[in-house]
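For reference, model08.pdb is printed below; it contains PDB, C-alpha atoms.
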ATOM      1  CA  MET A   1    -129.871 -97.229-109.150  1.00  0.00           C
ATOM      2  CA  LEU A   2    -128.636 -98.549-105.816  1.00  0.00           C
ATOM      3  CA  LYS A   3    -126.273-101.505-105.804  1.00  0.00           C
ATOM      4  CA  ILE A   4    -125.959-104.070-103.039  1.00  0.00           C
ATOM      5  CA  VAL A   5    -123.049-106.496-102.850  1.00  0.00           C
ATOM      6  CA  VAL A   6    -123.187-109.713-100.830  1.00  0.00           C
ATOM      7  CA  ALA A   7    -119.867-111.363-100.041  1.00  0.00           C
ATOM      8  CA  CYS A   8    -119.013-114.772 -98.586  1.00  0.00           C
ATOM      9  CA  GLY A   9    -115.845-116.840 -98.726  1.00  0.00           C
ATOM     10  CA  SER A  10    -116.254-118.313-102.182  1.00  0.00           C
ATOM     11  CA  GLY A  11    -119.194-116.394-103.624  1.00  0.00           C
ATOM     12  CA  VAL A  12    -121.027-119.603-104.534  1.00  0.00           C
ATOM     13  CA  ALA A  13    -123.226-120.814-101.734  1.00  0.00           C
ATOM     14  CA  THR A  14    -124.328-118.556 -98.959  1.00  0.00           C
ATOM     15  CA  SER A  15    -123.846-115.263-100.795  1.00  0.00           C
ATOM     16  CA  GLU A  16    -125.951-116.454-103.741  1.00  0.00           C
ATOM     17  CA  THR A  17    -128.587-117.659-101.298  1.00  0.00           C
ATOM     18  CA  VAL A  18    -128.720-114.268 -99.614  1.00  0.00           C
ATOM     19  CA  VAL A  19    -128.850-112.522-103.010  1.00  0.00           C
ATOM     20  CA  GLY A  20    -131.930-114.643-103.780  1.00  0.00           C
ATOM     21  CA  SER A  21    -133.542-113.779-100.448  1.00  0.00           C
ATOM     22  CA  ILE A  22    -132.922-110.051-100.859  1.00  0.00           C
ATOM     23  CA  LYS A  23    -134.292-110.085-104.414  1.00  0.00           C
ATOM     24  CA  SER A  24    -137.443-111.890-103.252  1.00  0.00           C
ATOM     25  CA  PHE A  25    -137.857-109.439-100.403  1.00  0.00           C
ATOM     26  CA  LEU A  26    -137.487-106.411-102.710  1.00  0.00           C
ATOM     27  CA  GLU A  27    -139.934-107.880-105.213  1.00  0.00           C
ATOM     28  CA  GLU A  28    -142.497-108.674-102.533  1.00  0.00           C
ATOM     29  CA  HIS A  29    -142.362-105.058-101.416  1.00  0.00           C
ATOM     30  CA  SER A  30    -142.412-103.702-104.969  1.00  0.00           C
ATOM     31  CA  VAL A  31    -139.024-102.054-104.588  1.00  0.00           C
ATOM     32  CA  SER A  32    -137.342-101.328-107.909  1.00  0.00           C
ATOM     33  CA  GLY A  33    -134.058 -99.707-108.820  1.00  0.00           C
ATOM     34  CA  VAL A  34    -131.934-101.902-106.577  1.00  0.00           C
ATOM     35  CA  GLU A  35    -129.367-104.314-107.997  1.00  0.00           C
ATOM     36  CA  VAL A  36    -128.080-107.200-105.893  1.00  0.00           C
ATOM     37  CA  GLU A  37    -124.905-109.122-106.690  1.00  0.00           C
ATOM     38  CA  ALA A  38    -122.753-111.797-105.043  1.00  0.00           C
ATOM     39  CA  THR A  39    -118.997-111.819-104.901  1.00  0.00           C
ATOM     40  CA  ASP A  40    -116.251-113.690-103.117  1.00  0.00           C
ATOM     41  CA  PHE A  41    -114.069-112.258-100.450  1.00  0.00           C
ATOM     42  CA  LYS A  42    -110.935-112.217-102.603  1.00  0.00           C
ATOM     43  CA  GLN A  43    -112.473-109.854-105.131  1.00  0.00           C
ATOM     44  CA  LEU A  44    -114.368-107.785-102.639  1.00  0.00           C
ATOM     45  CA  ALA A  45    -111.687-105.197-101.881  1.00  0.00           C
ATOM     46  CA  SER A  46    -111.278-104.333-105.566  1.00  0.00           C
ATOM     47  CA  VAL A  47    -114.999-103.988-106.314  1.00  0.00           C
ATOM     48  CA  LEU A  48    -116.514-102.760-103.056  1.00  0.00           C
ATOM     49  CA  ALA A  49    -116.234 -99.051-103.917  1.00  0.00           C
ATOM     50  CA  ASN A  50    -118.643 -99.614-106.849  1.00  0.00           C
ATOM     51  CA  TYR A  51    -121.459-100.551-104.479  1.00  0.00           C
ATOM     52  CA  ASP A  52    -123.746 -98.641-102.149  1.00  0.00           C
ATOM     53  CA  VAL A  53    -124.456-101.285 -99.507  1.00  0.00           C
ATOM     54  CA  TYR A  54    -122.261-104.148 -98.330  1.00  0.00           C
ATOM     55  CA  VAL A  55    -123.902-107.284 -96.910  1.00  0.00           C
ATOM     56  CA  TRP A  56    -121.336-109.425 -95.108  1.00  0.00           C
ATOM     57  CA  LEU A  57    -121.282-113.180 -94.497  1.00  0.00           C
ATOM     58  CA  ALA A  58    -117.666-113.175 -93.445  1.00  0.00           C
ATOM     59  CA  LYS A  59    -116.173-110.873 -90.884  1.00  0.00           C
ATOM     60  CA  PRO A  60    -115.035-107.663 -92.600  1.00  0.00           C
ATOM     61  CA  THR A  61    -111.247-107.291 -92.552  1.00  0.00           C
ATOM     62  CA  PRO A  62    -109.694-103.966 -91.523  1.00  0.00           C
ATOM     63  CA  GLU A  63    -109.012-103.285 -95.222  1.00  0.00           C
ATOM     64  CA  ILE A  64    -112.677-103.800 -96.092  1.00  0.00           C
ATOM     65  CA  GLN A  65    -113.814-101.769 -93.106  1.00  0.00           C
ATOM     66  CA  GLU A  66    -111.594 -98.919 -94.228  1.00  0.00           C
ATOM     67  CA  ILE A  67    -113.129 -98.883 -97.711  1.00  0.00           C
ATOM     68  CA  CYS A  68    -116.616 -98.837 -96.170  1.00  0.00           C
ATOM     69  CA  ASP A  69    -115.674 -95.925 -93.918  1.00  0.00           C
ATOM     70  CA  GLU A  70    -113.994 -93.931 -96.678  1.00  0.00           C
ATOM     71  CA  GLU A  71    -116.752 -94.452 -99.204  1.00  0.00           C
ATOM     72  CA  GLY A  72    -119.591 -94.177 -96.707  1.00  0.00           C
ATOM     73  CA  ILE A  73    -120.875 -97.657 -97.544  1.00  0.00           C
ATOM     74  CA  PRO A  74    -123.220 -98.973 -94.856  1.00  0.00           C
ATOM     75  CA  ASP A  75    -122.605-102.610 -93.935  1.00  0.00           C
ATOM     76  CA  VAL A  76    -125.330-105.076 -92.997  1.00  0.00           C
ATOM     77  CA  ASN A  77    -125.059-108.436 -91.235  1.00  0.00           C
ATOM     78  CA  GLY A  78    -126.010-110.984 -93.900  1.00  0.00           C
ATOM     79  CA  VAL A  79    -126.184-113.949 -91.552  1.00  0.00           C
ATOM     80  CA  ASP A  80    -129.527-112.647 -90.274  1.00  0.00           C
ATOM     81  CA  LEU A  81    -130.729-112.494 -93.879  1.00  0.00           C
ATOM     82  CA  LEU A  82    -129.509-116.045 -94.465  1.00  0.00           C
ATOM     83  CA  THR A  83    -131.279-117.547 -91.461  1.00  0.00           C
ATOM     84  CA  GLY A  84    -134.347-115.317 -91.472  1.00  0.00           C
ATOM     85  CA  ALA A  85    -134.386-116.068 -87.761  1.00  0.00           C
ATOM     86  CA  LYS A  86    -135.372-112.533 -86.801  1.00  0.00           C
ATOM     87  CA  GLY A  87    -138.736-112.878 -88.509  1.00  0.00           C
ATOM     88  CA  ASP A  88    -140.226-109.508 -89.423  1.00  0.00           C
ATOM     89  CA  GLN A  89    -137.097-107.764 -88.166  1.00  0.00           C
ATOM     90  CA  THR A  90    -134.836-109.698 -90.538  1.00  0.00           C
ATOM     91  CA  TYR A  91    -134.607-107.026 -93.217  1.00  0.00           C
ATOM     92  CA  LEU A  92    -134.743-104.007 -90.927  1.00  0.00           C
ATOM     93  CA  ASP A  93    -131.011-103.245 -91.086  1.00  0.00           C
ATOM     94  CA  LEU A  94    -130.959-103.569 -94.855  1.00  0.00           C
ATOM     95  CA  VAL A  95    -134.004-101.334 -95.257  1.00  0.00           C
ATOM     96  CA  ASN A  96    -132.463 -98.771 -92.906  1.00  0.00           C
ATOM     97  CA  ALA A  97    -129.232 -98.826 -94.914  1.00  0.00           C
ATOM     98  CA  LEU A  98    -131.130 -98.258 -98.161  1.00  0.00           C
ATOM     99  CA  MET A  99    -133.222 -95.497 -96.603  1.00  0.00           C
ATOM    100  CA  SER A 100    -130.150 -93.692 -95.283  1.00  0.00           C
ATOM    101  CA  LEU A 101    -128.730 -93.599 -98.811  1.00  0.00           C
ATOM    102  CA  LYS A 102    -132.003 -92.417-100.254  1.00  0.00           C
ATOM    103  CA  ASN A 103    -132.166 -89.594 -97.750  1.00  0.00           C
ATOM    104  CA  ALA A 104    -128.568 -88.622 -98.424  1.00  0.00           C
ATOM    105  CA  SER A 105    -128.983 -88.447-102.207  1.00  0.00           C
TER     106      SER A 105
ATOM    107  CA  MET B   1    -140.661-134.012-103.638  1.00  0.00           C
ATOM    108  CA  SER B   2    -138.644-131.335-105.373  1.00  0.00           C
ATOM    109  CA  ASN B   3    -135.781-131.426-107.828  1.00  0.00           C
ATOM    110  CA  TYR B   4    -133.260-130.421-105.289  1.00  0.00           C
ATOM    111  CA  SER B   5    -134.214-133.156-102.843  1.00  0.00           C
ATOM    112  CA  GLU B   6    -132.384-135.417-105.298  1.00  0.00           C
ATOM    113  CA  LEU B   7    -129.213-134.013-103.800  1.00  0.00           C
ATOM    114  CA  PHE B   8    -129.837-136.010-100.639  1.00  0.00           C
ATOM    115  CA  ASP B   9    -128.284-139.465-100.606  1.00  0.00           C
ATOM    116  CA  LYS B  10    -129.018-142.398 -98.279  1.00  0.00           C
ATOM    117  CA  ASP B  11    -125.291-143.144 -98.149  1.00  0.00           C
ATOM    118  CA  LEU B  12    -124.446-139.624 -97.072  1.00  0.00           C
ATOM    119  CA  ILE B  13    -126.333-139.534 -93.803  1.00  0.00           C
ATOM    120  CA  PHE B  14    -124.118-140.200 -90.806  1.00  0.00           C
ATOM    121  CA  LEU B  15    -125.676-140.123 -87.353  1.00  0.00           C
ATOM    122  CA  GLN B  16    -124.121-140.467 -83.890  1.00  0.00           C
ATOM    123  CA  VAL B  17    -120.666-139.864 -85.325  1.00  0.00           C
ATOM    124  CA  GLU B  18    -117.865-139.904 -82.798  1.00  0.00           C
ATOM    125  CA  ALA B  19    -115.377-137.094 -83.244  1.00  0.00           C
ATOM    126  CA  ASN B  20    -112.926-135.365 -80.914  1.00  0.00           C
ATOM    127  CA  ASP B  21    -113.026-131.994 -82.564  1.00  0.00           C
ATOM    128  CA  ARG B  22    -113.844-130.185 -85.773  1.00  0.00           C
ATOM    129  CA  ASN B  23    -110.858-131.331 -87.798  1.00  0.00           C
ATOM    130  CA  ASP B  24    -111.283-134.932 -86.645  1.00  0.00           C
ATOM    131  CA  LEU B  25    -114.897-134.818 -87.834  1.00  0.00           C
ATOM    132  CA  TYR B  26    -114.001-133.184 -91.146  1.00  0.00           C
ATOM    133  CA  GLN B  27    -111.336-135.841 -91.722  1.00  0.00           C
ATOM    134  CA  LYS B  28    -113.868-138.626 -91.112  1.00  0.00           C
ATOM    135  CA  VAL B  29    -116.479-137.117 -93.380  1.00  0.00           C
ATOM    136  CA  ALA B  30    -113.922-136.300 -96.092  1.00  0.00           C
ATOM    137  CA  ASP B  31    -112.823-139.964 -96.061  1.00  0.00           C
ATOM    138  CA  LYS B  32    -116.400-141.108 -96.649  1.00  0.00           C
ATOM    139  CA  LEU B  33    -116.874-138.598 -99.445  1.00  0.00           C
ATOM    140  CA  ALA B  34    -113.602-139.631-101.071  1.00  0.00           C
ATOM    141  CA  GLU B  35    -114.589-143.326-100.884  1.00  0.00           C
ATOM    142  CA  GLN B  36    -117.610-142.480-102.997  1.00  0.00           C
ATOM    143  CA  GLY B  37    -115.542-140.459-105.433  1.00  0.00           C
ATOM    144  CA  LEU B  38    -117.436-137.252-104.680  1.00  0.00           C
ATOM    145  CA  VAL B  39    -114.423-135.136-103.788  1.00  0.00           C
ATOM    146  CA  LYS B  40    -110.820-134.695-104.844  1.00  0.00           C
ATOM    147  CA  GLU B  41    -107.819-135.308-102.603  1.00  0.00           C
ATOM    148  CA  SER B  42    -107.538-131.574-102.164  1.00  0.00           C
ATOM    149  CA  PHE B  43    -110.951-131.468-100.479  1.00  0.00           C
ATOM    150  CA  LEU B  44    -109.955-131.909 -96.828  1.00  0.00           C
ATOM    151  CA  PRO B  45    -107.135-129.344 -96.717  1.00  0.00           C
ATOM    152  CA  ALA B  46    -109.257-126.935 -98.763  1.00  0.00           C
ATOM    153  CA  LEU B  47    -112.222-127.427 -96.443  1.00  0.00           C
ATOM    154  CA  ILE B  48    -110.184-126.862 -93.295  1.00  0.00           C
ATOM    155  CA  LYS B  49    -108.476-123.808 -94.741  1.00  0.00           C
ATOM    156  CA  ARG B  50    -111.755-122.304 -95.824  1.00  0.00           C
ATOM    157  CA  GLU B  51    -113.444-123.010 -92.495  1.00  0.00           C
ATOM    158  CA  ASP B  52    -110.542-121.397 -90.646  1.00  0.00           C
ATOM    159  CA  GLU B  53    -110.811-118.331 -92.813  1.00  0.00           C
ATOM    160  CA  PHE B  54    -114.572-118.196 -93.378  1.00  0.00           C
ATOM    161  CA  PRO B  55    -116.359-120.257 -90.737  1.00  0.00           C
ATOM    162  CA  THR B  56    -119.864-121.545 -91.496  1.00  0.00           C
ATOM    163  CA  GLY B  57    -121.507-122.083 -88.116  1.00  0.00           C
ATOM    164  CA  VAL B  58    -124.998-120.604 -88.027  1.00  0.00           C
ATOM    165  CA  ILE B  59    -127.176-120.349 -84.934  1.00  0.00           C
ATOM    166  CA  THR B  60    -130.699-120.687 -86.232  1.00  0.00           C
ATOM    167  CA  GLN B  61    -133.758-120.069 -84.082  1.00  0.00           C
ATOM    168  CA  TYR B  62    -134.039-123.631 -82.795  1.00  0.00           C
ATOM    169  CA  LEU B  63    -130.741-125.299 -83.633  1.00  0.00           C
ATOM    170  CA  PRO B  64    -127.079-124.390 -84.003  1.00  0.00           C
ATOM    171  CA  ILE B  65    -125.880-125.810 -87.314  1.00  0.00           C
ATOM    172  CA  VAL B  66    -122.772-125.797 -89.490  1.00  0.00           C
ATOM    173  CA  LEU B  67    -122.632-125.652 -93.291  1.00  0.00           C
ATOM    174  CA  PRO B  68    -119.072-126.687 -94.153  1.00  0.00           C
ATOM    175  CA  HIS B  69    -118.143-126.322 -97.807  1.00  0.00           C
ATOM    176  CA  ALA B  70    -114.994-126.085 -99.876  1.00  0.00           C
ATOM    177  CA  ASN B  71    -114.539-124.221-103.131  1.00  0.00           C
ATOM    178  CA  PRO B  72    -116.038-125.963-106.190  1.00  0.00           C
ATOM    179  CA  GLU B  73    -112.697-126.962-107.722  1.00  0.00           C
ATOM    180  CA  ASN B  74    -112.247-129.563-104.949  1.00  0.00           C
ATOM    181  CA  VAL B  75    -115.555-131.279-105.638  1.00  0.00           C
ATOM    182  CA  ASN B  76    -116.276-133.885-108.353  1.00  0.00           C
ATOM    183  CA  GLN B  77    -120.020-134.174-107.944  1.00  0.00           C
ATOM    184  CA  PRO B  78    -122.649-132.156-106.105  1.00  0.00           C
ATOM    185  CA  PHE B  79    -123.809-133.574-102.771  1.00  0.00           C
ATOM    186  CA  ILE B  80    -125.199-132.782 -99.373  1.00  0.00           C
ATOM    187  CA  ALA B  81    -124.012-134.887 -96.453  1.00  0.00           C
ATOM    188  CA  VAL B  82    -126.060-134.819 -93.266  1.00  0.00           C
ATOM    189  CA  VAL B  83    -123.933-135.442 -90.199  1.00  0.00           C
ATOM    190  CA  GLN B  84    -124.914-135.566 -86.551  1.00  0.00           C
ATOM    191  CA  THR B  85    -122.211-135.989 -83.921  1.00  0.00           C
ATOM    192  CA  GLN B  86    -122.507-137.702 -80.561  1.00  0.00           C
ATOM    193  CA  ASN B  87    -120.935-134.808 -78.759  1.00  0.00           C
ATOM    194  CA  GLU B  88    -120.983-131.096 -79.312  1.00  0.00           C
ATOM    195  CA  ILE B  89    -118.188-129.843 -81.530  1.00  0.00           C
ATOM    196  CA  ARG B  90    -116.711-126.381 -81.182  1.00  0.00           C
ATOM    197  CA  VAL B  91    -116.834-124.362 -84.395  1.00  0.00           C
ATOM    198  CA  GLN B  92    -116.934-120.674 -85.274  1.00  0.00           C
ATOM    199  CA  GLN B  93    -119.887-118.659 -86.489  1.00  0.00           C
ATOM    200  CA  MET B  94    -120.236-117.229 -89.943  1.00  0.00           C
ATOM    201  CA  GLY B  95    -119.837-113.468 -90.028  1.00  0.00           C
ATOM    202  CA  THR B  96    -118.700-112.899 -86.450  1.00  0.00           C
ATOM    203  CA  ASN B  97    -116.181-115.760 -85.930  1.00  0.00           C
ATOM    204  CA  GLU B  98    -117.576-116.250 -82.417  1.00  0.00           C
ATOM    205  CA  ASP B  99    -117.602-119.720 -80.867  1.00  0.00           C
ATOM    206  CA  GLU B 100    -120.518-122.064 -81.374  1.00  0.00           C
ATOM    207  CA  LEU B 101    -121.183-125.590 -80.111  1.00  0.00           C
ATOM    208  CA  ALA B 102    -122.993-127.717 -82.659  1.00  0.00           C
ATOM    209  CA  ARG B 103    -123.939-131.324 -83.348  1.00  0.00           C
ATOM    210  CA  ASN B 104    -125.614-130.890 -86.712  1.00  0.00           C
ATOM    211  CA  PHE B 105    -123.501-130.487 -89.824  1.00  0.00           C
ATOM    212  CA  PHE B 106    -124.613-130.198 -93.428  1.00  0.00           C
ATOM    213  CA  PHE B 107    -121.659-130.604 -95.742  1.00  0.00           C
ATOM    214  CA  LEU B 108    -122.345-128.935 -99.066  1.00  0.00           C
ATOM    215  CA  GLY B 109    -120.551-130.164-102.154  1.00  0.00           C
ATOM    216  CA  ILE B 110    -121.001-127.323-104.558  1.00  0.00           C
ATOM    217  CA  VAL B 111    -120.142-127.388-108.244  1.00  0.00           C
ATOM    218  CA  LYS B 112    -120.728-124.508-110.634  1.00  0.00           C
ATOM    219  CA  GLU B 113    -123.100-126.446-112.912  1.00  0.00           C
ATOM    220  CA  THR B 114    -125.693-127.174-110.239  1.00  0.00           C
ATOM    221  CA  GLN B 115    -125.158-124.034-108.220  1.00  0.00           C
ATOM    222  CA  ASP B 116    -128.689-122.717-108.811  1.00  0.00           C
ATOM    223  CA  LEU B 117    -130.223-125.930-107.560  1.00  0.00           C
ATOM    224  CA  GLN B 118    -128.062-125.902-104.466  1.00  0.00           C
ATOM    225  CA  VAL B 119    -128.861-122.300-103.724  1.00  0.00           C
ATOM    226  CA  LYS B 120    -132.564-123.192-103.865  1.00  0.00           C
ATOM    227  CA  LEU B 121    -131.904-126.072-101.507  1.00  0.00           C
ATOM    228  CA  LEU B 122    -130.100-123.808 -99.072  1.00  0.00           C
ATOM    229  CA  GLN B 123    -132.965-121.319 -99.176  1.00  0.00           C
ATOM    230  CA  ARG B 124    -135.508-124.039 -98.481  1.00  0.00           C
ATOM    231  CA  PHE B 125    -133.274-125.389 -95.779  1.00  0.00           C
ATOM    232  CA  MET B 126    -133.142-122.067 -93.971  1.00  0.00           C
ATOM    233  CA  GLN B 127    -136.922-121.814 -94.222  1.00  0.00           C
ATOM    234  CA  LEU B 128    -137.276-125.213 -92.578  1.00  0.00           C
ATOM    235  CA  MET B 129    -134.827-124.283 -89.830  1.00  0.00           C
ATOM    236  CA  ASN B 130    -137.266-121.567 -88.767  1.00  0.00           C
ATOM    237  CA  ASN B 131    -140.036-124.133 -88.512  1.00  0.00           C
ATOM    238  CA  GLN B 132    -140.070-125.343 -84.930  1.00  0.00           C
ATOM    239  CA  GLU B 133    -142.015-128.494 -85.702  1.00  0.00           C
ATOM    240  CA  PHE B 134    -139.577-129.512 -88.435  1.00  0.00           C
ATOM    241  CA  VAL B 135    -136.558-128.966 -86.193  1.00  0.00           C
ATOM    242  CA  MET B 136    -138.045-130.800 -83.197  1.00  0.00           C
ATOM    243  CA  ASP B 137    -138.810-133.876 -85.316  1.00  0.00           C
ATOM    244  CA  PHE B 138    -135.450-133.614 -87.068  1.00  0.00           C
ATOM    245  CA  LYS B 139    -133.633-133.763 -83.723  1.00  0.00           C
ATOM    246  CA  LYS B 140    -135.442-136.940 -82.669  1.00  0.00           C
ATOM    247  CA  ILE B 141    -134.520-139.017 -85.714  1.00  0.00           C
ATOM    248  CA  ASP B 142    -131.813-141.571 -85.006  1.00  0.00           C
ATOM    249  CA  LYS B 143    -131.835-143.832 -88.068  1.00  0.00           C
ATOM    250  CA  PRO B 144    -130.269-142.791 -91.385  1.00  0.00           C
ATOM    251  CA  ALA B 145    -133.120-144.341 -93.413  1.00  0.00           C
ATOM    252  CA  ASP B 146    -135.714-142.385 -91.412  1.00  0.00           C
ATOM    253  CA  MET B 147    -133.657-139.223 -91.795  1.00  0.00           C
ATOM    254  CA  TYR B 148    -133.507-139.677 -95.555  1.00  0.00           C
ATOM    255  CA  ASP B 149    -137.267-140.138 -95.820  1.00  0.00           C
ATOM    256  CA  TYR B 150    -137.910-137.183 -93.539  1.00  0.00           C
ATOM    257  CA  LEU B 151    -135.660-134.889 -95.556  1.00  0.00           C
ATOM    258  CA  ILE B 152    -136.924-135.781 -99.022  1.00  0.00           C
ATOM    259  CA  ASN B 153    -140.511-135.492 -97.843  1.00  0.00           C
ATOM    260  CA  ASN B 154    -139.916-132.021 -96.466  1.00  0.00           C
ATOM    261  CA  PHE B 155    -137.780-130.521 -99.214  1.00  0.00           C
TER     262      PHE B 155
END

Exercise: express the given structure as C-alpha cells:
Amino acid sequence: MLKIVVACGSGVATSETVVGSIKSFLEEHSVSGVEVEATDFKQLASVLANYDVYVWLAKPTPEIQEICDEEGIPDVNGVDLLTGAKGDQTYLDLVNALMSLKNAS
Amino acid sequence: MSNYSELFDKDLIFLQVEANDRNDLYQKVADKLAEQGLVKESFLPALIKREDEFPTGVITQYLPIVLPHANPENVNQPFIAVVQTQNEIRVQQMGTNEDELARNFFFLGIVKETQDLQVKLLQRFMQLMNNQEFVMDFKKIDKPADMYDYLINNF
C-alpha cells in the first residue's frame, strides 16, 4: 500500500480538493493500493514520515524538506493538480513519483 | 443547477472594487461579510495571517485568480464571495510564494459541516477555469446580477 499525503494551510479546502482529484484520477486509471489523505501544515511535520509521497500546496519549509530528503519521500507540486492546467501532463509528476517507489520496492 | 451553486449569493458579488492593495481589499470584503453576519470579528486578522503564511494565488490557464480563505473557526456560515477589482492587486502564489497580479478573487467561507459541498464546488470551479469559453465570458460580465446568473447556470 502506497500512501500519499496532500498538505495545504488548513487542510480543509484546497488539500481536500486535490485529494478528490487524485482519487478520481487513480480510479479512472484503475490504480489500486494507493491511499490519499489531506492534512494541514501544522501537523505535517509529525506525520510526513508515515507517507510515501508528499503533494504540496504550500511551499515546503526547510524542516519539511529535510524529512523528505531523509526519508526519501518524493514531493510533487499540488498546485498543478489543483488547476489541471497542464492537461494530459497534469499527473505526470505524481505518476513518476509513484513509479519510482514501485521500482525501488 | 447543482446543490453547491446555492453557495453563490447575489449580495456577495462585488465588481469594479477599488482597492489600493491586498490588505485594503481584504478589509473591504471582510467588512461586507461581517455586515451580513457571515464571519466573526477574528476573520480579517486570521485571513491576512493565513494569506501571508499560505498564499492562495493561482495562475490558471486563462486567468490569474486568488482563493482567499481563513480557517473555519472564523466563519459563521459558508459562503463564496466573487470579487473583481478595478486594478490589478499584487498577491503571492500558492505553493511557490512567487508574485502574481490578479483582479479576480473568490473568497471562500469554509465551515466543517459543508466542507464536502465546498470541495465539490472548488473542483467544478477549477474545471471551469480550464474552459476558455467560460473564462472569456466571465471576464466580460460587469453587472453583479448577470454574474450571479452566469455562475449558477454554469455550476

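Relative to CA of Ile141 (chain B), CA of Val18 (chain A) is found at 29.0 Å.
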
Any chance you could resolve the PyMOL selection byres ((chain B) within 8 of (chain A)) against this file and give the residues as a CSV table (one decimal) with C-alpha atoms, in the frame of the given file?
chain,number,residue,atom,x,y,z
B,50,ARG,CA,-111.8,-122.3,-95.8
B,53,GLU,CA,-110.8,-118.3,-92.8
B,54,PHE,CA,-114.6,-118.2,-93.4
B,55,PRO,CA,-116.4,-120.3,-90.7
B,58,VAL,CA,-125.0,-120.6,-88.0
B,60,THR,CA,-130.7,-120.7,-86.2
B,61,GLN,CA,-133.8,-120.1,-84.1
B,71,ASN,CA,-114.5,-124.2,-103.1
B,94,MET,CA,-120.2,-117.2,-89.9
B,95,GLY,CA,-119.8,-113.5,-90.0
B,96,THR,CA,-118.7,-112.9,-86.4
B,97,ASN,CA,-116.2,-115.8,-85.9
B,110,ILE,CA,-121.0,-127.3,-104.6
B,112,LYS,CA,-120.7,-124.5,-110.6
B,115,GLN,CA,-125.2,-124.0,-108.2
B,118,GLN,CA,-128.1,-125.9,-104.5
B,119,VAL,CA,-128.9,-122.3,-103.7
B,120,LYS,CA,-132.6,-123.2,-103.9
B,122,LEU,CA,-130.1,-123.8,-99.1
B,123,GLN,CA,-133.0,-121.3,-99.2
B,126,MET,CA,-133.1,-122.1,-94.0
B,127,GLN,CA,-136.9,-121.8,-94.2
B,129,MET,CA,-134.8,-124.3,-89.8
B,130,ASN,CA,-137.3,-121.6,-88.8

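If all atoms listed in the file are the atoms counted, then among A:Val76, A:Ala7, A:Val55, A:Gln65 the closest residue to Lys42 (chain A) is A:Ala7.
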
8 Å contact set for Leu44 (chain B), all atoms listed in the file, chain neighbours under 6 positions out, as a PyMOL selection string: chain B and resi 26-27+30

Using all atoms listed in the file, which protein or nucleic acid residues come within 10 Å of Val66 (chain B)? Drop anything in the same chain fewer than 3 positions from it, and give the result as an MDAnalysis selection string. chainID B and resid 55:60 63 69 83 91:94 100:107

I need the chosen residues saved as a CSV table (one decimal), in the frame of the given file, with C-alpha atoms.
chain,number,residue,atom,x,y,z
B,55,PRO,CA,-116.4,-120.3,-90.7
B,56,THR,CA,-119.9,-121.5,-91.5
B,57,GLY,CA,-121.5,-122.1,-88.1
B,58,VAL,CA,-125.0,-120.6,-88.0
B,59,ILE,CA,-127.2,-120.3,-84.9
B,60,THR,CA,-130.7,-120.7,-86.2
B,63,LEU,CA,-130.7,-125.3,-83.6
B,69,HIS,CA,-118.1,-126.3,-97.8
B,83,VAL,CA,-123.9,-135.4,-90.2
B,91,VAL,CA,-116.8,-124.4,-84.4
B,92,GLN,CA,-116.9,-120.7,-85.3
B,93,GLN,CA,-119.9,-118.7,-86.5
B,94,MET,CA,-120.2,-117.2,-89.9
B,100,GLU,CA,-120.5,-122.1,-81.4
B,101,LEU,CA,-121.2,-125.6,-80.1
B,102,ALA,CA,-123.0,-127.7,-82.7
B,103,ARG,CA,-123.9,-131.3,-83.3
B,104,ASN,CA,-125.6,-130.9,-86.7
B,105,PHE,CA,-123.5,-130.5,-89.8
B,106,PHE,CA,-124.6,-130.2,-93.4
B,107,PHE,CA,-121.7,-130.6,-95.7

Quick one: residues within 8 Å of Pro144 (chain B), only C-alpha atoms counted, chain neighbours fewer than 4 positions away excluded, as a list in words? Lys10, Ile13, Phe14, Leu15 and Tyr148 of chain B

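With only C-alpha atoms as the atoms that count, the minimum distance from Lys143 (chain B) to the choices B:Val82, B:Leu25, B:Val75, B:Ala19 is reached by B:Val82.
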
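Across the model, the gap from CA of Phe79 (chain B) to CA of Val135 (chain B) is 21.4 Å.
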
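The residues returned by the PyMOL selection byres ((chain A and resi 94-104) around 7) for this structure are Pro74, Val76, Tyr91, Leu92, Asp93 and Ser105 of chain A.
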
With the file shown as input, list the residues that the PyMOL selection byres ((chain A and resi 66-70) around 9) selects, as a PyMOL selection string. chain A and resi 45+48-49+53-54+61-65+71-75

Same residues, C-alpha atoms, saved as a PDB file, in the frame of the given file:
ATOM      1  CA  ALA A  45    -111.687-105.197-101.881  1.00  0.00           C
ATOM      2  CA  LEU A  48    -116.514-102.760-103.056  1.00  0.00           C
ATOM      3  CA  ALA A  49    -116.234 -99.051-103.917  1.00  0.00           C
ATOM      4  CA  VAL A  53    -124.456-101.285 -99.507  1.00  0.00           C
ATOM      5  CA  TYR A  54    -122.261-104.148 -98.330  1.00  0.00           C
ATOM      6  CA  THR A  61    -111.247-107.291 -92.552  1.00  0.00           C
ATOM      7  CA  PRO A  62    -109.694-103.966 -91.523  1.00  0.00           C
ATOM      8  CA  GLU A  63    -109.012-103.285 -95.222  1.00  0.00           C
ATOM      9  CA  ILE A  64    -112.677-103.800 -96.092  1.00  0.00           C
ATOM     10  CA  GLN A  65    -113.814-101.769 -93.106  1.00  0.00           C
ATOM     11  CA  GLU A  71    -116.752 -94.452 -99.204  1.00  0.00           C
ATOM     12  CA  GLY A  72    -119.591 -94.177 -96.707  1.00  0.00           C
ATOM     13  CA  ILE A  73    -120.875 -97.657 -97.544  1.00  0.00           C
ATOM     14  CA  PRO A  74    -123.220 -98.973 -94.856  1.00  0.00           C
ATOM     15  CA  ASP A  75    -122.605-102.610 -93.935  1.00  0.00           C
TER      16      ASP A  75
END

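Comparing the minimum interatomic distances between Leu67 (chain B) and each of B:Ala81, B:Leu108, B:Leu121, B:Leu151, counting all atoms listed in the file, we find that B:Leu108 sits nearest.
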
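Between CA of Pro64 (chain B) and CA of Phe138 (chain B) there is a distance of 12.8 Å.
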
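Using only C-alpha atoms, the smallest distance between any of B:Met147, B:Arg90, B:Tyr62, B:Pro78 and Leu128 (chain B) comes from B:Tyr62.
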
Find the smallest box with edges along x, y and z containing every listed atom of region 92-95 of chain A, then add 4 Å on each side and report centre and edge lengths in Å to one decimal, as AutoDock Vina command-line options.
--center_x -132.9 --center_y -102.7 --center_z -93.1 --size_x 11.8 --size_y 10.7 --size_z 12.3
